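Input: a single structure, listed below in structure tokens.
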Amino acid sequence: MSALDVAALLVPGKRICLTTHVNPDGDGLGSEVGLVHLLRGLGADVAITNPTATPDRYDFLFADIPGVDRSAQAVKELRRADIVVVLDIADLSRLGILAETVRDCGVPVACIDHHVGPGVLPDGPRFVDPEAAATGELIALLAREAGWPITHQSARALYVALVTDTGGFRFSNTRPRTLRVAADLVEAGVDTEQVYLDVYANAPEGRPRLLAEVLQTLVVEPEFGLAWVTVPPGSLERHDVDPDDLDGAVEHARSIRGVRMALLFREVSGGRTKVSLRSVGDVDVAELARRFGGGGHRKAAGVAIAGPMPTVQAELLQAARELLGGVVVRA
Ligand code: AMP
Ligand code: MN
Ligand code: MN
């Protein structure tokens, strides 16, 4: 299945619903908003229906498309859709409370994604390429193949997708094609400094204060090339911030000389502990996350594991040490 199979479905006269993973990020949201502008340009009827709320830092993307985010009525909107497009994931399990509705919607479910691993979704065309740095990169390529004009607004949203998933074009997923797509978007009129200011320099005061607390928890095991940080219980509430404000915190652990795997632990609802995994070099954290029921990319993965922090932490750290090699000290 190719880009054009997906494009062929997305035509005026159909109700199109776009959705992405729980706790949406810059790629999921940028891809949605980019696609909304592209499809509106064609005259299509399109809505965004996500399982969890948009973090404040991405509100600016929605300012000029009022009413397009119908996540509050997501289940109802999805049931009325003629076509569902799942972005930046390929598995129902990542759709949270919308998983069942999408599974049972009975209409084609298209998918545009860049994760490794096939995933489970209802039937529909797939445009999936793990070589892409971001789903936004694939949408830009799709637009080009389909001959859809890239507007200034769609370019900005897709640029946000690229910037956020590549860590500002620093990560190894930044390939020549990624930069060529980014160049096209900048040529279409993206104000790169303004995007930086909107996404990264419009923080609540609590964000750096939370980061300071999280970094205090840093533990490094040089013998394994392992480093981790832990979000202190209650710290998000105390600083009046949300999980999105932790974006990038794990990078500080990864930045230490000799570290090959960095982890961030956080207690989440339902008695689970969320782990963000990042690696350097050839360490495959997607594989490690999959063993615990999660997934992601080779160098950036995540998982939510049932159990309290100390138990999950001990279990995951032991598996990480075994993967990294070195002397495994058993408790
Ligand atoms: P995060 O650590 O949440 O920034 O996520 C890093 C990468 O792992 C992203 O590509 C996510 O899509 C993926 N990921 C995060 N959490 C999960 C999960 N519970 N299951 C599968 N993939 C995940
Ligand atoms: Mn994502
Ligand atoms: Mn992505």
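The way I read the labels, and the way they are meant: chains A, B, ... in the order of the structure tokens, residue 1 as the first residue of every chain, and ligand 1 as the first ligand shown, with later ones counted on from there.
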Got a sec to check which residues lie within 6 Å of ligand 2, using only C-alpha atoms and all ligand atoms, and send them as a VMD selection string? chain A and resid 25 27 to 28 88
Selection file, N, CA, C and O atoms, as an mmCIF file, in the first residue's frame:
```cif
data_model
loop_
_atom_site.group_PDB
_atom_site.id
_atom_site.type_symbol
_atom_site.label_atom_id
_atom_site.label_comp_id
_atom_site.auth_asym_id
_atom_site.auth_seq_id
_atom_site.Cartn_x
_atom_site.Cartn_y
_atom_site.Cartn_z
ATOM 1 N N ASP A 25 1.732 14.084 20.851
ATOM 2 C CA ASP A 25 2.968 14.866 20.807
ATOM 3 C C ASP A 25 2.967 15.768 19.572
ATOM 4 O O ASP A 25 1.984 15.841 18.826
ATOM 5 N N ASP A 27 4.436 15.444 16.789
ATOM 6 C CA ASP A 27 4.287 14.754 15.503
ATOM 7 C C ASP A 27 2.833 14.347 15.270
ATOM 8 O O ASP A 27 2.280 14.606 14.191
ATOM 9 N N GLY A 28 2.204 13.760 16.287
ATOM 10 C CA GLY A 28 0.804 13.363 16.134
ATOM 11 C C GLY A 28 -0.081 14.567 15.814
ATOM 12 O O GLY A 28 -0.879 14.555 14.873
ATOM 13 N N ASP A 88 0.556 8.427 13.276
ATOM 14 C CA ASP A 88 1.675 8.313 14.222
ATOM 15 C C ASP A 88 1.551 7.125 15.174
ATOM 16 O O ASP A 88 2.182 7.116 16.228
#
```
Name the residues, by chain letter and number, that sit within 7 Å of ligand 1 using only C-alpha atoms and all ligand atoms, and give them as a PyMOL selection string. chain A and resi 89+94+115+247+275-277+293-297+300-304
Set the cut-off to 12 Å, count only C-alpha atoms and all ligand atoms, and list whatever residues fall near ligand 3 as an mmCIF file with N, CA, C and O atoms, in the first residue's frame.
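What landed in part23.cif:
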```
data_model
loop_
_atom_site.group_PDB
_atom_site.id
_atom_site.type_symbol
_atom_site.label_atom_id
_atom_site.label_comp_id
_atom_site.auth_asym_id
_atom_site.auth_seq_id
_atom_site.Cartn_x
_atom_site.Cartn_y
_atom_site.Cartn_z
ATOM 1 N N THR A 20 -4.894 10.274 16.762
ATOM 2 C CA THR A 20 -3.510 9.875 17.054
ATOM 3 C C THR A 20 -3.450 9.278 18.456
ATOM 4 O O THR A 20 -4.482 9.089 19.099
ATOM 5 N N HIS A 21 -2.234 8.992 18.911
ATOM 6 C CA HIS A 21 -2.068 8.254 20.170
ATOM 7 C C HIS A 21 -2.402 9.082 21.411
ATOM 8 O O HIS A 21 -2.417 10.304 21.370
ATOM 9 N N PRO A 24 -0.927 13.065 23.060
ATOM 10 C CA PRO A 24 -0.392 13.368 21.731
ATOM 11 C C PRO A 24 0.825 14.283 21.801
ATOM 12 O O PRO A 24 0.941 15.118 22.694
ATOM 13 N N ASP A 25 1.732 14.084 20.851
ATOM 14 C CA ASP A 25 2.968 14.866 20.807
ATOM 15 C C ASP A 25 2.967 15.768 19.572
ATOM 16 O O ASP A 25 1.984 15.841 18.826
ATOM 17 N N GLY A 26 4.089 16.426 19.351
ATOM 18 C CA GLY A 26 4.185 17.370 18.238
ATOM 19 C C GLY A 26 4.022 16.707 16.891
ATOM 20 O O GLY A 26 3.521 17.329 15.942
ATOM 21 N N ASP A 27 4.436 15.444 16.789
ATOM 22 C CA ASP A 27 4.287 14.754 15.503
ATOM 23 C C ASP A 27 2.833 14.347 15.270
ATOM 24 O O ASP A 27 2.280 14.606 14.191
ATOM 25 N N GLY A 28 2.204 13.760 16.287
ATOM 26 C CA GLY A 28 0.804 13.363 16.134
ATOM 27 C C GLY A 28 -0.081 14.567 15.814
ATOM 28 O O GLY A 28 -0.879 14.555 14.873
ATOM 29 N N LEU A 29 0.097 15.640 16.596
ATOM 30 C CA LEU A 29 -0.754 16.826 16.422
ATOM 31 C C LEU A 29 -0.383 17.609 15.174
ATOM 32 O O LEU A 29 -1.257 18.068 14.434
ATOM 33 N N GLY A 30 0.913 17.754 14.918
ATOM 34 C CA GLY A 30 1.355 18.477 13.717
ATOM 35 C C GLY A 30 0.885 17.753 12.458
ATOM 36 O O GLY A 30 0.477 18.381 11.478
ATOM 37 N N SER A 31 0.918 16.421 12.496
ATOM 38 C CA SER A 31 0.451 15.636 11.347
ATOM 39 C C SER A 31 -1.047 15.840 11.140
ATOM 40 O O SER A 31 -1.513 16.009 10.000
ATOM 41 N N GLU A 32 -1.790 15.831 12.241
ATOM 42 C CA GLU A 32 -3.241 16.040 12.135
ATOM 43 C C GLU A 32 -3.555 17.418 11.565
ATOM 44 O O GLU A 32 -4.341 17.548 10.613
ATOM 45 N N VAL A 86 -5.665 7.093 11.110
ATOM 46 C CA VAL A 86 -4.882 6.943 12.331
ATOM 47 C C VAL A 86 -3.451 7.402 12.021
ATOM 48 O O VAL A 86 -2.835 6.903 11.082
ATOM 49 N N LEU A 87 -2.977 8.364 12.814
ATOM 50 C CA LEU A 87 -1.674 8.970 12.526
ATOM 51 C C LEU A 87 -0.671 8.721 13.647
ATOM 52 O O LEU A 87 -1.008 8.804 14.831
ATOM 53 N N ASP A 88 0.556 8.427 13.276
ATOM 54 C CA ASP A 88 1.675 8.313 14.222
ATOM 55 C C ASP A 88 1.551 7.125 15.174
ATOM 56 O O ASP A 88 2.182 7.116 16.228
ATOM 57 N N ILE A 89 0.747 6.154 14.821
ATOM 58 C CA ILE A 89 0.665 4.861 15.503
ATOM 59 C C ILE A 89 0.078 3.864 14.520
ATOM 60 O O ILE A 89 -0.586 4.257 13.559
ATOM 61 N N ALA A 90 0.284 2.578 14.811
ATOM 62 C CA ALA A 90 -0.285 1.556 13.925
ATOM 63 C C ALA A 90 -0.992 0.485 14.741
ATOM 64 O O ALA A 90 -1.254 -0.605 14.247
ATOM 65 N N ILE A 112 -1.171 6.302 8.629
ATOM 66 C CA ILE A 112 0.102 6.899 8.198
ATOM 67 C C ILE A 112 0.992 6.897 9.439
ATOM 68 O O ILE A 112 0.629 7.465 10.475
ATOM 69 N N ASP A 113 2.150 6.233 9.336
ATOM 70 C CA ASP A 113 2.938 6.020 10.550
ATOM 71 C C ASP A 113 4.391 5.717 10.213
ATOM 72 O O ASP A 113 4.715 5.313 9.095
ATOM 73 N N HIS A 114 5.248 5.852 11.232
ATOM 74 C CA HIS A 114 6.679 5.579 11.030
ATOM 75 C C HIS A 114 7.265 4.700 12.134
ATOM 76 O O HIS A 114 8.481 4.696 12.345
ATOM 77 N N HIS A 115 6.404 3.992 12.862
ATOM 78 C CA HIS A 115 6.920 3.103 13.912
ATOM 79 C C HIS A 115 7.323 1.752 13.337
ATOM 80 O O HIS A 115 6.825 1.341 12.295
ATOM 81 N N VAL A 116 8.230 1.078 14.084
ATOM 82 C CA VAL A 116 8.595 -0.278 13.686
ATOM 83 C C VAL A 116 7.525 -1.237 14.208
ATOM 84 O O VAL A 116 6.868 -0.942 15.194
ATOM 85 N N VAL A 128 3.153 3.379 5.640
ATOM 86 C CA VAL A 128 4.005 3.219 6.813
ATOM 87 C C VAL A 128 5.456 3.100 6.350
ATOM 88 O O VAL A 128 5.757 2.318 5.452
ATOM 89 N N ASP A 129 6.314 3.896 6.955
ATOM 90 C CA ASP A 129 7.731 3.852 6.592
ATOM 91 C C ASP A 129 8.584 4.164 7.822
ATOM 92 O O ASP A 129 8.720 5.332 8.207
ATOM 93 N N PRO A 130 9.185 3.142 8.448
ATOM 94 C CA PRO A 130 10.002 3.378 9.645
ATOM 95 C C PRO A 130 11.255 4.207 9.357
ATOM 96 O O PRO A 130 11.904 4.678 10.291
ATOM 97 N N GLU A 131 11.583 4.392 8.091
ATOM 98 C CA GLU A 131 12.736 5.245 7.742
ATOM 99 C C GLU A 131 12.401 6.730 7.893
ATOM 100 O O GLU A 131 13.304 7.570 7.923
ATOM 101 N N ALA A 132 11.129 7.051 7.947
ATOM 102 C CA ALA A 132 10.736 8.460 8.083
ATOM 103 C C ALA A 132 11.015 8.931 9.505
ATOM 104 O O ALA A 132 10.757 8.208 10.466
ATOM 105 N N ALA A 133 11.514 10.151 9.629
ATOM 106 C CA ALA A 133 11.798 10.705 10.957
ATOM 107 C C ALA A 133 10.514 10.963 11.731
ATOM 108 O O ALA A 133 10.484 10.877 12.950
ATOM 109 N N ALA A 134 9.465 11.316 11.006
ATOM 110 C CA ALA A 134 8.206 11.697 11.638
ATOM 111 C C ALA A 134 7.058 11.336 10.708
ATOM 112 O O ALA A 134 7.247 11.221 9.483
ATOM 113 N N THR A 135 5.884 11.176 11.280
ATOM 114 C CA THR A 135 4.698 10.971 10.440
ATOM 115 C C THR A 135 4.472 12.197 9.560
ATOM 116 O O THR A 135 4.044 12.082 8.415
ATOM 117 N N GLY A 136 4.810 13.372 10.099
ATOM 118 C CA GLY A 136 4.681 14.609 9.323
ATOM 119 C C GLY A 136 5.492 14.576 8.031
ATOM 120 O O GLY A 136 5.090 15.156 7.016
ATOM 121 N N GLU A 137 6.644 13.901 8.062
ATOM 122 C CA GLU A 137 7.463 13.764 6.847
ATOM 123 C C GLU A 137 6.676 12.983 5.786
ATOM 124 O O GLU A 137 6.663 13.352 4.601
ATOM 125 N N LEU A 138 5.993 11.937 6.231
ATOM 126 C CA LEU A 138 5.213 11.107 5.295
ATOM 127 C C LEU A 138 4.033 11.881 4.722
ATOM 128 O O LEU A 138 3.677 11.704 3.551
ATOM 129 N N ILE A 139 3.435 12.751 5.531
ATOM 130 C CA ILE A 139 2.298 13.525 5.026
ATOM 131 C C ILE A 139 2.772 14.533 3.969
ATOM 132 O O ILE A 139 2.116 14.725 2.950
ATOM 133 N N LEU A 158 3.393 20.706 9.740
ATOM 134 C CA LEU A 158 4.255 19.562 9.408
ATOM 135 C C LEU A 158 5.691 19.821 9.869
ATOM 136 O O LEU A 158 6.403 18.901 10.283
ATOM 137 N N VAL A 160 6.443 21.488 12.582
ATOM 138 C CA VAL A 160 6.393 21.189 14.022
ATOM 139 C C VAL A 160 6.575 19.686 14.240
ATOM 140 O O VAL A 160 7.315 19.244 15.132
ATOM 141 N N ALA A 161 5.925 18.876 13.403
ATOM 142 C CA ALA A 161 6.059 17.419 13.508
ATOM 143 C C ALA A 161 7.520 17.008 13.339
ATOM 144 O O ALA A 161 8.055 16.208 14.123
ATOM 145 N N LEU A 162 8.190 17.575 12.352
ATOM 146 C CA LEU A 162 9.594 17.220 12.089
ATOM 147 C C LEU A 162 10.508 17.690 13.220
ATOM 148 O O LEU A 162 11.357 16.940 13.690
ATOM 149 N N VAL A 163 10.332 18.935 13.640
ATOM 150 C CA VAL A 163 11.208 19.484 14.686
ATOM 151 C C VAL A 163 11.094 18.668 15.968
ATOM 152 O O VAL A 163 12.098 18.321 16.595
ATOM 153 N N THR A 164 9.869 18.330 16.363
ATOM 154 C CA THR A 164 9.700 17.675 17.658
ATOM 155 C C THR A 164 10.179 16.221 17.630
ATOM 156 O O THR A 164 10.838 15.773 18.559
ATOM 157 N N ASP A 165 9.901 15.488 16.551
ATOM 158 C CA ASP A 165 10.313 14.073 16.536
ATOM 159 C C ASP A 165 11.807 13.883 16.261
ATOM 160 O O ASP A 165 12.335 12.800 16.493
ATOM 161 N N THR A 166 12.491 14.905 15.759
ATOM 162 C CA THR A 166 13.937 14.781 15.519
ATOM 163 C C THR A 166 14.753 15.492 16.591
ATOM 164 O O THR A 166 15.978 15.600 16.461
ATOM 165 N N GLY A 167 14.085 15.999 17.648
ATOM 166 C CA GLY A 167 14.804 16.762 18.659
ATOM 167 C C GLY A 167 15.497 17.965 18.035
ATOM 168 O O GLY A 167 16.675 18.218 18.326
ATOM 169 N N ASN A 173 17.410 9.909 13.379
ATOM 170 C CA ASN A 173 16.350 9.762 12.368
ATOM 171 C C ASN A 173 16.335 10.948 11.380
ATOM 172 O O ASN A 173 15.561 10.945 10.426
ATOM 173 N N GLY A 296 7.824 1.429 20.144
ATOM 174 C CA GLY A 296 8.387 2.717 19.736
ATOM 175 C C GLY A 296 9.416 2.549 18.653
ATOM 176 O O GLY A 296 9.208 1.778 17.713
ATOM 177 N N HIS A 297 10.526 3.242 18.791
ATOM 178 C CA HIS A 297 11.614 3.203 17.800
ATOM 179 C C HIS A 297 12.862 2.615 18.461
ATOM 180 O O HIS A 297 12.935 2.542 19.681
ATOM 181 N N ALA A 300 14.168 5.381 20.745
ATOM 182 C CA ALA A 300 13.207 6.116 21.583
ATOM 183 C C ALA A 300 11.961 5.263 21.696
ATOM 184 O O ALA A 300 11.249 5.059 20.713
ATOM 185 N N ALA A 301 11.711 4.760 22.892
ATOM 186 C CA ALA A 301 10.561 3.870 23.063
ATOM 187 C C ALA A 301 9.889 4.166 24.389
ATOM 188 O O ALA A 301 10.407 4.933 25.204
#
```
Could you make a table, as a Markdown table, of the residues of range 125-241 of chain A that have an atom within 6 Å of an atom of range 249-271 of chain A, each with its nearest atom pair and distance in Å to one decimal, counting only C-alpha atoms, in chain and number order?
```
| residue | atom | partner | partner_atom | distance |
| --- | --- | --- | --- | --- |
| A:Gly225 | CA | A:Val259 | CA | 4.1 |
| A:Leu226 | CA | A:Met261 | CA | 5.1 |
| A:Ala227 | CA | A:Ala262 | CA | 4.9 |
| A:Trp228 | CA | A:Leu263 | CA | 4.5 |
| A:Val229 | CA | A:Leu264 | CA | 5.0 |
| A:Thr230 | CA | A:Phe265 | CA | 4.7 |
| A:Val231 | CA | A:Arg266 | CA | 5.2 |
```
In terms of only C-alpha atoms, the residue from A:Gly34, A:Arg177, A:Leu61, A:Arg126 at minimal distance from Ala155 in chain A is A:Gly34
Please, which residues of range 69-155 of chain A, numbered as in this document, come out alpha helix (DSSP H) from DSSP, as number ranges by chain? A: 74-80, 99-103, 135-146, 152-155
Those same residues - N, CA and C atoms - I'd like them written as a compact mmCIF listing (two decimals), in the first residue's frame.
```txt
# COMPACT_ATOMS: atom_id res chain seq x y z
N ALA A 74 -15.53 12.72 20.78
CA ALA A 74 -14.78 11.85 19.87
C ALA A 74 -15.55 10.59 19.46
N VAL A 75 -16.17 9.94 20.44
CA VAL A 75 -16.83 8.66 20.12
C VAL A 75 -17.97 8.90 19.13
N LYS A 76 -18.76 9.95 19.37
CA LYS A 76 -19.88 10.27 18.48
C LYS A 76 -19.38 10.62 17.07
N GLU A 77 -18.36 11.45 17.01
CA GLU A 77 -17.80 11.86 15.71
C GLU A 77 -17.25 10.66 14.94
N LEU A 78 -16.55 9.80 15.67
CA LEU A 78 -15.96 8.62 15.01
C LEU A 78 -17.04 7.70 14.44
N ARG A 79 -18.15 7.60 15.17
CA ARG A 79 -19.24 6.72 14.70
C ARG A 79 -19.88 7.25 13.43
N ARG A 80 -19.82 8.58 13.24
CA ARG A 80 -20.42 9.20 12.05
C ARG A 80 -19.47 9.27 10.87
N ALA A 99 -10.09 3.12 21.36
CA ALA A 99 -9.68 1.88 20.68
C ALA A 99 -10.88 1.07 20.19
N GLU A 100 -11.85 0.88 21.08
CA GLU A 100 -13.01 0.04 20.72
C GLU A 100 -13.83 0.68 19.61
N THR A 101 -14.02 1.99 19.71
CA THR A 101 -14.81 2.70 18.70
C THR A 101 -14.15 2.58 17.32
N VAL A 102 -12.85 2.74 17.28
CA VAL A 102 -12.15 2.62 15.99
C VAL A 102 -12.22 1.16 15.51
N ARG A 103 -12.04 0.23 16.43
CA ARG A 103 -12.07 -1.20 16.05
C ARG A 103 -13.41 -1.56 15.41
N THR A 135 5.88 11.18 11.28
CA THR A 135 4.70 10.97 10.44
C THR A 135 4.47 12.20 9.56
N GLY A 136 4.81 13.37 10.10
CA GLY A 136 4.68 14.61 9.32
C GLY A 136 5.49 14.58 8.03
N GLU A 137 6.64 13.90 8.06
CA GLU A 137 7.46 13.76 6.85
C GLU A 137 6.68 12.98 5.79
N LEU A 138 5.99 11.94 6.23
CA LEU A 138 5.21 11.11 5.29
C LEU A 138 4.03 11.88 4.72
N ILE A 139 3.43 12.75 5.53
CA ILE A 139 2.30 13.53 5.03
C ILE A 139 2.77 14.53 3.97
N ALA A 140 3.94 15.12 4.19
CA ALA A 140 4.49 16.04 3.19
C ALA A 140 4.76 15.29 1.88
N LEU A 141 5.29 14.06 1.99
CA LEU A 141 5.57 13.26 0.78
C LEU A 141 4.28 12.86 0.09
N LEU A 142 3.28 12.50 0.89
CA LEU A 142 1.97 12.14 0.34
C LEU A 142 1.36 13.31 -0.42
N ALA A 143 1.45 14.50 0.19
CA ALA A 143 0.88 15.70 -0.45
C ALA A 143 1.55 15.94 -1.80
N ARG A 144 2.89 15.74 -1.80
CA ARG A 144 3.62 15.97 -3.05
C ARG A 144 3.18 14.95 -4.11
N GLU A 145 3.11 13.67 -3.71
CA GLU A 145 2.73 12.62 -4.67
C GLU A 145 1.33 12.81 -5.21
N ALA A 146 0.43 13.26 -4.30
CA ALA A 146 -0.97 13.42 -4.71
C ALA A 146 -1.21 14.75 -5.42
N HIS A 152 0.79 27.60 3.58
CA HIS A 152 1.66 28.07 4.65
C HIS A 152 1.29 27.40 5.98
N GLN A 153 -0.02 27.28 6.23
CA GLN A 153 -0.45 26.70 7.52
C GLN A 153 -0.14 25.20 7.62
N SER A 154 -0.32 24.48 6.52
CA SER A 154 0.00 23.05 6.58
C SER A 154 1.50 22.88 6.73
N ALA A 155 2.28 23.73 6.07
CA ALA A 155 3.75 23.64 6.17
C ALA A 155 4.20 23.84 7.61
```
Interatomic distance between CA of Ala110 in chain A and CA of Asp244 in chain A?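 Value for the CA of Ala110 in chain A-CA of Asp244 in chain A distance: 26.8 Å.
Near Val22 in chain A, within a cut-off of 7 Å and counting only C-alpha atoms, sit the residues Pro51, Thr52, Arg94, Leu95 and Gly96 of chain A, with same-chain residues fewer than 6 positions away left out.
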Could you turn the residues from that selection into a file that holds C-alpha atoms, as a short mmCIF file (atom, residue, chain, number, x, y, z; two decimals), in the first residue's frame?
```cif
data_model
loop_
_atom_site.label_atom_id
_atom_site.label_comp_id
_atom_site.auth_asym_id
_atom_site.auth_seq_id
_atom_site.Cartn_x
_atom_site.Cartn_y
_atom_site.Cartn_z
CA PRO A 51 -8.33 10.09 23.03
CA THR A 52 -6.60 12.64 25.32
CA ARG A 94 -2.36 3.23 21.68
CA LEU A 95 -5.79 4.80 21.08
CA GLY A 96 -6.83 4.55 24.73
#
```
May I have a table of the residues of range 39-141 of chain A lying at most 8 Å from range 198-217 of chain A, giving each one's closest pair of atoms and their distance in Å to one decimal, counting only C-alpha atoms, ordered by chain and ascending residue number, as a tab-separated table?
```
residue	atom	partner	partner_atom	distance
A:Arg57	CA	A:Val199	CA	5.7
A:Tyr58	CA	A:Val199	CA	6.8
A:Phe60	CA	A:Asp198	CA	7.3
```
Within 7 Å of Val109 in chain A, counting only C-alpha atoms, which residues qualify if same-chain residues fewer than 5 places away don't, as a VMD selection string? chain A and resid 83 to 86 122 to 124
